[in-house]
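One file, my_file07.cif, is given below (mmCIF, C-alpha atoms).
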```cif
data_start
loop_
_atom_site.group_PDB
_atom_site.id
_atom_site.type_symbol
_atom_site.label_atom_id
_atom_site.label_comp_id
_atom_site.auth_asym_id
_atom_site.auth_seq_id
_atom_site.Cartn_x
_atom_site.Cartn_y
_atom_site.Cartn_z
ATOM 1 C CA MET T 1 -103.875 -27.680 25.770
ATOM 2 C CA SER T 2 -101.244 -26.680 23.230
ATOM 3 C CA ARG T 3 -97.686 -27.885 23.705
ATOM 4 C CA LYS T 4 -95.210 -25.594 25.424
ATOM 5 C CA VAL T 5 -91.985 -24.843 23.548
ATOM 6 C CA ILE T 6 -88.825 -23.614 25.260
ATOM 7 C CA LEU T 7 -87.491 -20.651 23.284
ATOM 8 C CA THR T 8 -83.814 -19.988 23.966
ATOM 9 C CA CYS T 9 -81.997 -16.878 22.809
ATOM 10 C CA ALA T 10 -78.233 -17.208 22.276
ATOM 11 C CA VAL T 11 -77.560 -13.509 22.658
ATOM 12 C CA VAL T 12 -73.893 -13.455 21.642
ATOM 13 C CA GLY T 13 -71.321 -16.013 20.533
ATOM 14 C CA GLU T 14 -67.542 -16.021 20.466
ATOM 15 C CA ASN T 15 -66.800 -16.397 16.756
ATOM 16 C CA LYS T 16 -66.114 -13.624 14.280
ATOM 17 C CA PHE T 17 -69.024 -11.325 13.425
ATOM 18 C CA ASN T 18 -69.706 -8.509 10.978
ATOM 19 C CA PRO T 19 -68.319 -5.361 12.666
ATOM 20 C CA ALA T 20 -70.806 -3.281 10.680
ATOM 21 C CA HIS T 21 -73.505 -4.536 13.059
ATOM 22 C CA ALA T 22 -73.610 -1.509 15.373
ATOM 23 C CA ARG T 23 -75.943 -3.163 17.903
ATOM 24 C CA PHE T 24 -74.010 -6.398 18.359
ATOM 25 C CA PRO T 25 -73.445 -6.827 22.141
ATOM 26 C CA ILE T 26 -69.803 -6.926 23.208
ATOM 27 C CA THR T 27 -69.335 -5.564 26.737
ATOM 28 C CA PRO T 28 -70.687 -7.357 29.831
ATOM 29 C CA GLN T 29 -73.348 -4.641 30.234
ATOM 30 C CA GLN T 30 -74.374 -4.831 26.581
ATOM 31 C CA ILE T 31 -74.710 -8.609 26.855
ATOM 32 C CA ALA T 32 -76.762 -8.260 30.052
ATOM 33 C CA ASP T 33 -79.013 -5.698 28.378
ATOM 34 C CA ALA T 34 -79.407 -7.998 25.362
ATOM 35 C CA ALA T 35 -80.447 -10.821 27.703
ATOM 36 C CA LEU T 36 -83.130 -8.576 29.208
ATOM 37 C CA GLU T 37 -84.295 -7.543 25.737
ATOM 38 C CA ALA T 38 -84.593 -11.213 24.736
ATOM 39 C CA GLU T 39 -86.601 -12.070 27.838
ATOM 40 C CA GLN T 40 -88.935 -9.128 27.330
ATOM 41 C CA ALA T 41 -89.547 -10.318 23.768
ATOM 42 C CA GLY T 42 -90.568 -13.728 25.098
ATOM 43 C CA ALA T 43 -87.437 -15.872 25.528
ATOM 44 C CA SER T 44 -87.764 -18.722 28.027
ATOM 45 C CA ALA T 45 -83.986 -18.969 28.435
ATOM 46 C CA VAL T 46 -80.857 -17.040 27.508
ATOM 47 C CA HIS T 47 -77.617 -18.695 26.406
ATOM 48 C CA LEU T 48 -74.616 -16.524 27.252
ATOM 49 C CA HIS T 49 -71.035 -16.083 26.048
ATOM 50 C CA ILE T 50 -68.644 -13.205 26.725
ATOM 51 C CA ARG T 51 -66.270 -11.125 24.629
ATOM 52 C CA ASN T 52 -63.227 -9.049 25.318
ATOM 53 C CA PRO T 53 -64.819 -5.608 25.843
ATOM 54 C CA VAL T 54 -61.836 -3.860 24.231
ATOM 55 C CA THR T 55 -61.141 -5.995 21.162
ATOM 56 C CA GLY T 56 -64.565 -7.604 20.715
ATOM 57 C CA GLU T 57 -62.984 -11.035 20.318
ATOM 58 C CA GLY T 58 -64.387 -14.125 22.015
ATOM 59 C CA SER T 59 -63.081 -14.835 25.497
ATOM 60 C CA ARG T 60 -63.348 -17.371 28.298
ATOM 61 C CA ASP T 61 -61.996 -15.117 31.061
ATOM 62 C CA PRO T 62 -63.835 -16.300 34.217
ATOM 63 C CA ASP T 63 -63.845 -12.820 35.729
ATOM 64 C CA LEU T 64 -65.573 -11.426 32.645
ATOM 65 C CA PHE T 65 -68.108 -14.236 32.880
ATOM 66 C CA LEU T 66 -68.813 -13.378 36.509
ATOM 67 C CA ASP T 67 -69.129 -9.680 35.674
ATOM 68 C CA MET T 68 -71.575 -10.436 32.869
ATOM 69 C CA ALA T 69 -73.667 -12.866 34.932
ATOM 70 C CA THR T 70 -73.850 -10.414 37.822
ATOM 71 C CA ARG T 71 -75.136 -7.712 35.467
ATOM 72 C CA VAL T 72 -77.710 -10.121 34.020
ATOM 73 C CA ARG T 73 -78.992 -10.802 37.526
ATOM 74 C CA ASP T 74 -78.880 -7.107 38.443
ATOM 75 C CA ASN T 75 -81.037 -6.448 35.363
ATOM 76 C CA GLY T 76 -83.677 -8.697 36.899
ATOM 77 C CA VAL T 77 -83.639 -11.198 34.048
ATOM 78 C CA LYS T 78 -86.003 -14.048 34.939
ATOM 79 C CA ALA T 79 -85.260 -16.229 31.916
ATOM 80 C CA VAL T 80 -83.323 -19.420 32.602
ATOM 81 C CA MET T 81 -79.609 -18.557 32.644
ATOM 82 C CA ASN T 82 -77.629 -20.942 30.434
ATOM 83 C CA VAL T 83 -73.896 -20.177 30.269
ATOM 84 C CA THR T 84 -71.569 -21.611 27.648
ATOM 85 C CA CYS T 85 -68.906 -24.066 28.700
ATOM 86 C CA GLY T 86 -67.534 -24.586 25.207
ATOM 87 C CA GLY T 87 -64.269 -22.658 25.533
ATOM 88 C CA GLY T 88 -60.911 -24.355 25.858
ATOM 89 C CA GLY T 89 -61.333 -26.954 23.102
ATOM 90 C CA LEU T 90 -59.724 -25.150 20.171
ATOM 91 C CA TYR T 91 -56.948 -27.120 18.469
ATOM 92 C CA CYS T 92 -55.148 -25.610 15.465
ATOM 93 C CA PRO T 93 -52.565 -28.107 14.175
ATOM 94 C CA ASP T 94 -49.124 -26.776 13.396
ATOM 95 C CA PRO T 95 -48.950 -26.875 9.569
ATOM 96 C CA GLN T 96 -45.411 -28.248 9.771
ATOM 97 C CA ASP T 97 -46.204 -30.894 12.389
ATOM 98 C CA GLU T 98 -49.861 -31.697 13.044
ATOM 99 C CA SER T 99 -48.961 -33.626 16.211
ATOM 100 C CA ARG T 100 -48.321 -30.216 17.782
ATOM 101 C CA ALA T 101 -50.708 -27.389 18.563
ATOM 102 C CA GLY T 102 -50.081 -24.361 16.374
ATOM 103 C CA PRO T 103 -50.879 -20.658 16.775
ATOM 104 C CA GLY T 104 -54.437 -19.950 17.847
ATOM 105 C CA SER T 105 -54.859 -23.177 19.820
ATOM 106 C CA ASP T 106 -56.579 -23.024 23.211
ATOM 107 C CA VAL T 107 -56.896 -26.454 24.799
ATOM 108 C CA ALA T 108 -57.615 -26.347 28.523
ATOM 109 C CA SER T 109 -58.126 -28.903 31.289
ATOM 110 C CA ALA T 110 -61.615 -29.851 32.416
ATOM 111 C CA GLU T 111 -61.005 -28.022 35.685
ATOM 112 C CA GLU T 112 -60.126 -24.803 33.880
ATOM 113 C CA ARG T 113 -63.057 -25.117 31.501
ATOM 114 C CA VAL T 114 -65.622 -25.273 34.317
ATOM 115 C CA ARG T 115 -64.059 -22.623 36.574
ATOM 116 C CA HIS T 116 -66.448 -19.871 35.533
ATOM 117 C CA ILE T 117 -69.425 -22.181 36.068
ATOM 118 C CA ALA T 118 -68.317 -22.760 39.662
ATOM 119 C CA MET T 119 -68.036 -18.994 40.107
ATOM 120 C CA ILE T 120 -71.416 -18.148 38.552
ATOM 121 C CA ARG T 121 -73.558 -21.190 39.466
ATOM 122 C CA PRO T 122 -76.042 -20.672 36.608
ATOM 123 C CA GLU T 123 -79.073 -22.920 36.284
ATOM 124 C CA MET T 124 -77.717 -24.475 33.082
ATOM 125 C CA CYS T 125 -74.537 -24.624 31.044
ATOM 126 C CA SER T 126 -73.664 -26.141 27.694
ATOM 127 C CA ILE T 127 -71.445 -29.166 27.185
ATOM 128 C CA ASP T 128 -70.402 -29.914 23.607
ATOM 129 C CA VAL T 129 -70.261 -33.679 23.311
ATOM 130 C CA SER T 130 -68.389 -33.460 20.034
ATOM 131 C CA THR T 131 -65.024 -33.435 18.333
ATOM 132 C CA GLN T 132 -65.260 -32.020 14.822
ATOM 133 C CA ASN T 133 -63.510 -30.143 12.014
ATOM 134 C CA GLN T 134 -64.842 -26.577 12.087
ATOM 135 C CA MET T 135 -64.114 -23.122 10.672
ATOM 136 C CA ASP T 136 -64.347 -19.551 11.964
ATOM 137 C CA GLY T 137 -64.229 -17.335 8.902
ATOM 138 C CA ASP T 138 -61.213 -18.640 6.992
ATOM 139 C CA LYS T 139 -59.595 -20.176 10.093
ATOM 140 C CA GLU T 140 -59.620 -23.981 10.119
ATOM 141 C CA TYR T 141 -59.503 -25.775 13.460
ATOM 142 C CA ILE T 142 -60.523 -28.923 15.293
ATOM 143 C CA TYR T 143 -63.063 -28.539 18.079
ATOM 144 C CA LEU T 144 -61.552 -30.979 20.573
ATOM 145 C CA ASN T 145 -63.541 -32.541 23.419
ATOM 146 C CA SER T 146 -62.076 -35.837 24.576
ATOM 147 C CA GLN T 147 -64.209 -38.437 26.328
ATOM 148 C CA SER T 148 -62.135 -38.070 29.485
ATOM 149 C CA THR T 149 -62.578 -34.293 29.579
ATOM 150 C CA LEU T 150 -66.300 -34.555 28.897
ATOM 151 C CA ARG T 151 -66.808 -37.033 31.725
ATOM 152 C CA LYS T 152 -64.899 -34.821 34.151
ATOM 153 C CA MET T 153 -66.922 -31.774 33.122
ATOM 154 C CA ALA T 154 -70.233 -33.614 33.440
ATOM 155 C CA LYS T 155 -69.319 -34.833 36.920
ATOM 156 C CA ALA T 156 -68.367 -31.304 37.948
ATOM 157 C CA PHE T 157 -71.737 -29.990 36.754
ATOM 158 C CA GLN T 158 -73.538 -32.572 38.888
ATOM 159 C CA GLN T 159 -71.521 -31.587 41.935
ATOM 160 C CA LEU T 160 -72.309 -27.913 41.304
ATOM 161 C CA GLY T 161 -76.016 -28.555 40.746
ATOM 162 C CA VAL T 162 -75.917 -27.101 37.226
ATOM 163 C CA LYS T 163 -77.908 -28.854 34.494
ATOM 164 C CA PRO T 164 -75.998 -29.433 31.258
ATOM 165 C CA GLU T 165 -77.462 -28.665 27.866
ATOM 166 C CA ILE T 166 -75.902 -31.400 25.730
ATOM 167 C CA GLU T 167 -74.891 -29.894 22.394
ATOM 168 C CA VAL T 168 -74.508 -32.459 19.608
ATOM 169 C CA PHE T 169 -73.151 -31.884 16.108
ATOM 170 C CA ALA T 170 -73.303 -35.410 14.633
ATOM 171 C CA PRO T 171 -75.069 -38.757 15.186
ATOM 172 C CA GLY T 172 -72.100 -40.222 17.071
ATOM 173 C CA ASP T 173 -72.250 -37.322 19.508
ATOM 174 C CA ILE T 174 -75.718 -38.454 20.596
ATOM 175 C CA LEU T 175 -74.494 -42.022 21.016
ATOM 176 C CA LEU T 176 -71.629 -40.854 23.247
ATOM 177 C CA ALA T 177 -73.975 -38.643 25.264
ATOM 178 C CA ASN T 178 -76.375 -41.583 25.641
ATOM 179 C CA GLN T 179 -73.514 -43.650 27.043
ATOM 180 C CA MET T 180 -72.645 -40.869 29.505
ATOM 181 C CA LEU T 181 -76.316 -40.761 30.528
ATOM 182 C CA ALA T 182 -76.258 -44.537 31.114
ATOM 183 C CA GLU T 183 -73.166 -44.040 33.289
ATOM 184 C CA GLY T 184 -75.111 -41.618 35.464
ATOM 185 C CA LEU T 185 -73.209 -38.506 34.356
ATOM 186 C CA PHE T 186 -76.370 -36.688 33.222
ATOM 187 C CA ASP T 187 -79.516 -36.409 35.317
ATOM 188 C CA GLU T 188 -83.027 -37.039 33.988
ATOM 189 C CA PRO T 189 -84.475 -35.559 31.923
ATOM 190 C CA PRO T 190 -81.449 -34.902 29.707
ATOM 191 C CA MET T 191 -81.628 -31.909 27.376
ATOM 192 C CA TYR T 192 -80.045 -32.335 23.935
ATOM 193 C CA GLN T 193 -79.381 -29.377 21.623
ATOM 194 C CA ILE T 194 -78.996 -30.392 17.962
ATOM 195 C CA VAL T 195 -76.666 -28.022 16.118
ATOM 196 C CA THR T 196 -77.198 -27.723 12.363
ATOM 197 C CA GLY T 197 -75.651 -25.579 9.671
ATOM 198 C CA THR T 198 -72.037 -25.378 10.841
ATOM 199 C CA LYS T 199 -69.279 -25.867 8.277
ATOM 200 C CA TRP T 200 -68.838 -29.640 7.811
ATOM 201 C CA GLY T 201 -71.667 -30.242 10.268
ATOM 202 C CA LEU T 202 -75.269 -31.402 10.030
ATOM 203 C CA PRO T 203 -77.413 -30.028 7.199
ATOM 204 C CA SER T 204 -80.329 -27.833 8.279
ATOM 205 C CA THR T 205 -83.096 -30.124 7.037
ATOM 206 C CA ALA T 206 -86.141 -31.924 8.387
ATOM 207 C CA GLU T 207 -84.499 -35.236 7.458
ATOM 208 C CA THR T 208 -81.570 -34.388 9.730
ATOM 209 C CA LEU T 209 -83.833 -33.674 12.698
ATOM 210 C CA ILE T 210 -85.942 -36.781 12.175
ATOM 211 C CA TYR T 211 -82.853 -38.986 12.115
ATOM 212 C CA MET T 212 -81.171 -37.294 15.086
ATOM 213 C CA ARG T 213 -84.412 -37.351 17.090
ATOM 214 C CA GLY T 214 -84.611 -41.095 16.547
ATOM 215 C CA LEU T 215 -81.265 -41.591 18.331
ATOM 216 C CA LEU T 216 -82.339 -39.822 21.516
ATOM 217 C CA PRO T 217 -83.159 -41.738 24.714
ATOM 218 C CA PRO T 218 -86.858 -42.131 25.592
ATOM 219 C CA LYS T 219 -87.267 -39.350 28.186
ATOM 220 C CA ALA T 220 -84.975 -36.797 26.589
ATOM 221 C CA LEU T 221 -85.957 -33.223 25.890
ATOM 222 C CA TRP T 222 -84.435 -31.771 22.755
ATOM 223 C CA ALA T 223 -84.034 -28.578 20.805
ATOM 224 C CA ALA T 224 -82.444 -27.636 17.508
ATOM 225 C CA PHE T 225 -81.235 -24.577 15.687
ATOM 226 C CA GLY T 226 -79.894 -23.502 12.324
ATOM 227 C CA ILE T 227 -77.188 -21.047 11.331
ATOM 228 C CA ALA T 228 -77.663 -17.816 9.350
ATOM 229 C CA ARG T 229 -80.564 -17.845 6.864
ATOM 230 C CA MET T 230 -81.689 -21.269 8.117
ATOM 231 C CA GLN T 231 -82.378 -20.004 11.628
ATOM 232 C CA MET T 232 -86.116 -19.415 11.231
ATOM 233 C CA PRO T 233 -86.803 -22.432 8.979
ATOM 234 C CA MET T 234 -85.281 -24.625 11.700
ATOM 235 C CA VAL T 235 -87.463 -22.957 14.325
ATOM 236 C CA ALA T 236 -90.470 -24.196 12.373
ATOM 237 C CA GLN T 237 -88.994 -27.653 11.716
ATOM 238 C CA ALA T 238 -87.971 -28.269 15.344
ATOM 239 C CA ALA T 239 -91.290 -27.048 16.705
ATOM 240 C CA LEU T 240 -93.294 -29.188 14.259
ATOM 241 C CA LEU T 241 -91.261 -32.287 15.153
ATOM 242 C CA GLY T 242 -91.835 -31.928 18.895
ATOM 243 C CA GLY T 243 -88.671 -30.114 19.887
ATOM 244 C CA ASN T 244 -87.683 -26.809 21.409
ATOM 245 C CA VAL T 245 -85.980 -23.959 19.584
ATOM 246 C CA ARG T 246 -83.121 -21.465 19.672
ATOM 247 C CA VAL T 247 -82.492 -18.158 17.938
ATOM 248 C CA GLY T 248 -80.187 -15.198 18.586
ATOM 249 C CA LEU T 249 -77.226 -13.230 17.320
ATOM 250 C CA GLU T 250 -74.784 -16.027 18.106
ATOM 251 C CA ASP T 251 -76.208 -17.955 15.168
ATOM 252 C CA ASN T 252 -77.615 -15.305 12.833
ATOM 253 C CA LEU T 253 -77.163 -11.531 12.508
ATOM 254 C CA TYR T 254 -80.001 -10.719 10.101
ATOM 255 C CA LEU T 255 -83.770 -10.283 9.966
ATOM 256 C CA SER T 256 -83.598 -10.364 6.163
ATOM 257 C CA ARG T 257 -80.885 -9.967 3.558
ATOM 258 C CA GLY T 258 -78.761 -6.949 4.530
ATOM 259 C CA VAL T 259 -80.980 -6.001 7.506
ATOM 260 C CA PHE T 260 -79.274 -6.457 10.865
ATOM 261 C CA ALA T 261 -81.370 -7.849 13.714
ATOM 262 C CA THR T 262 -81.431 -7.484 17.471
ATOM 263 C CA ASN T 263 -81.955 -10.421 19.789
ATOM 264 C CA GLY T 264 -85.389 -9.128 20.691
ATOM 265 C CA GLU T 265 -86.430 -8.998 17.053
ATOM 266 C CA LEU T 266 -85.259 -12.561 16.446
ATOM 267 C CA VAL T 267 -87.084 -13.830 19.533
ATOM 268 C CA ALA T 268 -90.269 -12.003 18.496
ATOM 269 C CA ARG T 269 -90.156 -13.573 15.033
ATOM 270 C CA ALA T 270 -89.556 -17.053 16.455
ATOM 271 C CA ARG T 271 -92.434 -16.582 18.879
ATOM 272 C CA THR T 272 -94.719 -15.659 16.002
ATOM 273 C CA ILE T 273 -93.721 -18.812 14.120
ATOM 274 C CA ILE T 274 -94.349 -20.989 17.183
ATOM 275 C CA GLU T 275 -97.747 -19.439 17.860
ATOM 276 C CA CYS T 276 -98.778 -19.672 14.206
ATOM 277 C CA LEU T 277 -98.180 -23.420 14.485
ATOM 278 C CA GLY T 278 -100.707 -23.586 17.327
ATOM 279 C CA LEU T 279 -98.056 -23.960 20.032
ATOM 280 C CA GLU T 280 -97.120 -21.768 22.991
ATOM 281 C CA VAL T 281 -93.788 -20.405 24.179
ATOM 282 C CA ALA T 282 -92.992 -21.633 27.681
ATOM 283 C CA THR T 283 -92.564 -19.017 30.379
ATOM 284 C CA PRO T 284 -89.245 -19.151 32.244
ATOM 285 C CA ASP T 285 -90.865 -20.974 35.170
ATOM 286 C CA GLU T 286 -92.619 -23.411 32.850
ATOM 287 C CA ALA T 287 -89.252 -24.079 31.193
ATOM 288 C CA ARG T 288 -87.712 -24.742 34.609
ATOM 289 C CA ALA T 289 -90.408 -27.296 35.390
ATOM 290 C CA MET T 290 -89.960 -29.003 32.009
ATOM 291 C CA LEU T 291 -86.192 -29.182 32.461
ATOM 292 C CA GLY T 292 -86.328 -30.334 36.081
ATOM 293 C CA LEU T 293 -84.102 -27.491 37.207
ATOM 294 C CA ARG T 294 -83.087 -27.022 40.821
ATOM 295 C CA LYS T 295 -84.790 -24.203 42.681
ATOM 296 C CA GLY T 296 -83.001 -21.018 43.712
#
```

Re-express the file's structure as structure tokens.
Amino acid sequence: MSRKVILTCAVVGENKFNPAHARFPITPQQIADAALEAEQAGASAVHLHIRNPVTGEGSRDPDLFLDMATRVRDNGVKAVMNVTCGGGGLYCPDPQDESRAGPGSDVASAEERVRHIAMIRPEMCSIDVSTQNQMDGDKEYIYLNSQSTLRKMAKAFQQLGVKPEIEVFAPGDILLANQMLAEGLFDEPPMYQIVTGTKWGLPSTAETLIYMRGLLPPKALWAAFGIARMQMPMVAQAALLGGNVRVGLEDNLYLSRGVFATNGELVARARTIIECLGLEVATPDEARAMLGLRKG
């Protein structure tokens, strides 16, 4: 039998995007419809953010999250629901005094960062085991996730019965996540998501994935994705190396140079790549079994 590959679609992110993309989902209903489109194209799981429906900017408003998740469920989406928990770690140092948070900072407590997860109770949510210099357009910031906050968030996920997808941006992130696993803060099998292609992050190369894969614990599941033009090449690389994959408008807006994509089109292309490699895309229920998700 051919290996099953979990295909996740990250339907919308929270960073800046090209406003010329007329089909980019912004409102809770548009995001819910995009999740359905992704599932119908073959996605095993959908990774979900929200945006301010008026301004289009990224948001972590728990009420907007609940509205969006309710609409996803009302749409009958059967794909695994994976909700971001990455908000609240944005630190922009004051240029005059870097010991102080400057304009644009949004650093929240662990309790505040998981509030929407408690309200929604999705099957999965992301936890970014990383602190890193990053950029959004021309805005420089530090993505701040302290060890204390991460441990509190992981414990809250266990109490809620929500499985974390462990996003890692560097080798040390995997080592920290492995330590948290050893402390019992993640349940078996852990799911690691290797993020490549961010500014000052991991290069989108096979060498990167081989090295990062070698740091994972024995029973771990893993996936990887690339940003922008490296999205589809990393689908092929991750699948060939035994991992799972992610595509979607959060990470890449284009089918080809100058041609805007929809989530469904990106999922369809990724599915073709996977099948051309002699592999199969996991159904949502097959993905649930692989991930050891709770029922209901």

| task | List the residues selected by the PyMOL selection byres ((chain T and resi 114) around 12) in the file shown, writing them as a VMD selection string. | result | chain T and resid 60 to 62 65 83 to 88 108 to 113 115 to 122 125 to 127 149 to 150 152 to 160 162 164

12 Å contact set for range 195-202 of chain T, all atoms listed in the file, chain neighbours under 3 positions out, as a JSON list (two decimals) with C-alpha atoms, in the coordinates of the input:
```json
[["chain", "number", "residue", "atom", "x", "y", "z"],
["T", 15, "ASN", "CA", -66.80, -16.40, 16.76],
["T", 128, "ASP", "CA", -70.40, -29.91, 23.61],
["T", 129, "VAL", "CA", -70.26, -33.68, 23.31],
["T", 130, "SER", "CA", -68.39, -33.46, 20.03],
["T", 131, "THR", "CA", -65.02, -33.44, 18.33],
["T", 132, "GLN", "CA", -65.26, -32.02, 14.82],
["T", 133, "ASN", "CA", -63.51, -30.14, 12.01],
["T", 134, "GLN", "CA", -64.84, -26.58, 12.09],
["T", 135, "MET", "CA", -64.11, -23.12, 10.67],
["T", 136, "ASP", "CA", -64.35, -19.55, 11.96],
["T", 137, "GLY", "CA", -64.23, -17.34, 8.90],
["T", 138, "ASP", "CA", -61.21, -18.64, 6.99],
["T", 139, "LYS", "CA", -59.60, -20.18, 10.09],
["T", 140, "GLU", "CA", -59.62, -23.98, 10.12],
["T", 141, "TYR", "CA", -59.50, -25.78, 13.46],
["T", 142, "ILE", "CA", -60.52, -28.92, 15.29],
["T", 143, "TYR", "CA", -63.06, -28.54, 18.08],
["T", 165, "GLU", "CA", -77.46, -28.66, 27.87],
["T", 166, "ILE", "CA", -75.90, -31.40, 25.73],
["T", 167, "GLU", "CA", -74.89, -29.89, 22.39],
["T", 168, "VAL", "CA", -74.51, -32.46, 19.61],
["T", 169, "PHE", "CA", -73.15, -31.88, 16.11],
["T", 170, "ALA", "CA", -73.30, -35.41, 14.63],
["T", 171, "PRO", "CA", -75.07, -38.76, 15.19],
["T", 172, "GLY", "CA", -72.10, -40.22, 17.07],
["T", 173, "ASP", "CA", -72.25, -37.32, 19.51],
["T", 174, "ILE", "CA", -75.72, -38.45, 20.60],
["T", 192, "TYR", "CA", -80.04, -32.34, 23.94],
["T", 205, "THR", "CA", -83.10, -30.12, 7.04],
["T", 206, "ALA", "CA", -86.14, -31.92, 8.39],
["T", 207, "GLU", "CA", -84.50, -35.24, 7.46],
["T", 208, "THR", "CA", -81.57, -34.39, 9.73],
["T", 209, "LEU", "CA", -83.83, -33.67, 12.70],
["T", 211, "TYR", "CA", -82.85, -38.99, 12.12],
["T", 212, "MET", "CA", -81.17, -37.29, 15.09],
["T", 222, "TRP", "CA", -84.44, -31.77, 22.76],
["T", 223, "ALA", "CA", -84.03, -28.58, 20.80],
["T", 224, "ALA", "CA", -82.44, -27.64, 17.51],
["T", 225, "PHE", "CA", -81.24, -24.58, 15.69],
["T", 226, "GLY", "CA", -79.89, -23.50, 12.32],
["T", 227, "ILE", "CA", -77.19, -21.05, 11.33],
["T", 228, "ALA", "CA", -77.66, -17.82, 9.35],
["T", 229, "ARG", "CA", -80.56, -17.84, 6.86],
["T", 230, "MET", "CA", -81.69, -21.27, 8.12],
["T", 231, "GLN", "CA", -82.38, -20.00, 11.63],
["T", 233, "PRO", "CA", -86.80, -22.43, 8.98],
["T", 234, "MET", "CA", -85.28, -24.62, 11.70],
["T", 235, "VAL", "CA", -87.46, -22.96, 14.32],
["T", 237, "GLN", "CA", -88.99, -27.65, 11.72],
["T", 238, "ALA", "CA", -87.97, -28.27, 15.34],
["T", 245, "VAL", "CA", -85.98, -23.96, 19.58],
["T", 246, "ARG", "CA", -83.12, -21.46, 19.67],
["T", 247, "VAL", "CA", -82.49, -18.16, 17.94],
["T", 251, "ASP", "CA", -76.21, -17.95, 15.17],
["T", 252, "ASN", "CA", -77.61, -15.30, 12.83]]
```

| task | Carefully work through the PyMOL selection byres ((chain T and resi 103) around 8) for this structure and note down the residues it includes, as a ChimeraX atom specification. | result | /T:92,94,101-102,104-105

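Interatomic distance, CA of Arg51 in chain T against CA of Ile26 in chain T: 5.7 Å.
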
| Using only C-alpha atoms, what residues lie at most 12 Å away from (-61.1, -10.2, 19.5) (file coordinates), given as a ChimeraX atom specification? | /T:13-17,19,26-27,50-60,104

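Ranking T:Leu66, T:Val11, T:Leu175, T:Ile194 by their shortest atom-to-atom distance to His49 in chain T, with all atoms listed in the file included, puts T:Val11 first.
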
| Picked residues, the PyMOL selection byres ((chain T and resi 36) around 10), as a PyMOL selection string | chain T and resi 11+30-35+37-43+46+72-73+75-79+263-264

Reconstruct N, CA, C and O atoms of range 172-182 of chain T; output as a PDB file, keeping the file's coordinate frame.
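New file out22.pdb:
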```pdb
ATOM      1  N   GLY T 172     -72.939 -39.591  16.060  1.00  0.00           N
ATOM      2  CA  GLY T 172     -72.100 -40.222  17.071  1.00  0.00           C
ATOM      3  C   GLY T 172     -72.032 -39.441  18.369  1.00  0.00           C
ATOM      4  O   GLY T 172     -71.814 -40.023  19.446  1.00  0.00           O
ATOM      5  N   ASP T 173     -72.234 -38.133  18.288  1.00  0.00           N
ATOM      6  CA  ASP T 173     -72.250 -37.322  19.508  1.00  0.00           C
ATOM      7  C   ASP T 173     -73.411 -37.742  20.410  1.00  0.00           C
ATOM      8  O   ASP T 173     -73.270 -37.825  21.632  1.00  0.00           O
ATOM      9  N   ILE T 174     -74.573 -38.003  19.803  1.00  0.00           N
ATOM     10  CA  ILE T 174     -75.718 -38.454  20.596  1.00  0.00           C
ATOM     11  C   ILE T 174     -75.428 -39.808  21.223  1.00  0.00           C
ATOM     12  O   ILE T 174     -75.741 -40.043  22.401  1.00  0.00           O
ATOM     13  N   LEU T 175     -74.792 -40.694  20.477  1.00  0.00           N
ATOM     14  CA  LEU T 175     -74.494 -42.022  21.016  1.00  0.00           C
ATOM     15  C   LEU T 175     -73.538 -41.925  22.212  1.00  0.00           C
ATOM     16  O   LEU T 175     -73.713 -42.631  23.212  1.00  0.00           O
ATOM     17  N   LEU T 176     -72.538 -41.046  22.126  1.00  0.00           N
ATOM     18  CA  LEU T 176     -71.629 -40.854  23.247  1.00  0.00           C
ATOM     19  C   LEU T 176     -72.370 -40.248  24.439  1.00  0.00           C
ATOM     20  O   LEU T 176     -72.200 -40.684  25.587  1.00  0.00           O
ATOM     21  N   ALA T 177     -73.206 -39.256  24.178  1.00  0.00           N
ATOM     22  CA  ALA T 177     -73.975 -38.643  25.264  1.00  0.00           C
ATOM     23  C   ALA T 177     -74.914 -39.661  25.906  1.00  0.00           C
ATOM     24  O   ALA T 177     -75.099 -39.670  27.129  1.00  0.00           O
ATOM     25  N   ASN T 178     -75.508 -40.537  25.089  1.00  0.00           N
ATOM     26  CA  ASN T 178     -76.375 -41.583  25.641  1.00  0.00           C
ATOM     27  C   ASN T 178     -75.596 -42.507  26.568  1.00  0.00           C
ATOM     28  O   ASN T 178     -76.101 -42.952  27.603  1.00  0.00           O
ATOM     29  N   GLN T 179     -74.355 -42.807  26.190  1.00  0.00           N
ATOM     30  CA  GLN T 179     -73.514 -43.650  27.043  1.00  0.00           C
ATOM     31  C   GLN T 179     -73.209 -42.936  28.352  1.00  0.00           C
ATOM     32  O   GLN T 179     -73.251 -43.545  29.435  1.00  0.00           O
ATOM     33  N   MET T 180     -72.910 -41.639  28.288  1.00  0.00           N
ATOM     34  CA  MET T 180     -72.645 -40.869  29.505  1.00  0.00           C
ATOM     35  C   MET T 180     -73.895 -40.812  30.388  1.00  0.00           C
ATOM     36  O   MET T 180     -73.802 -40.872  31.617  1.00  0.00           O
ATOM     37  N   LEU T 181     -75.065 -40.723  29.770  1.00  0.00           N
ATOM     38  CA  LEU T 181     -76.316 -40.761  30.528  1.00  0.00           C
ATOM     39  C   LEU T 181     -76.461 -42.107  31.236  1.00  0.00           C
ATOM     40  O   LEU T 181     -76.825 -42.163  32.423  1.00  0.00           O
ATOM     41  N   ALA T 182     -76.164 -43.194  30.521  1.00  0.00           N
ATOM     42  CA  ALA T 182     -76.258 -44.537  31.114  1.00  0.00           C
ATOM     43  C   ALA T 182     -75.278 -44.702  32.275  1.00  0.00           C
ATOM     44  O   ALA T 182     -75.545 -45.456  33.220  1.00  0.00           O
TER      45      ALA T 182
END
```
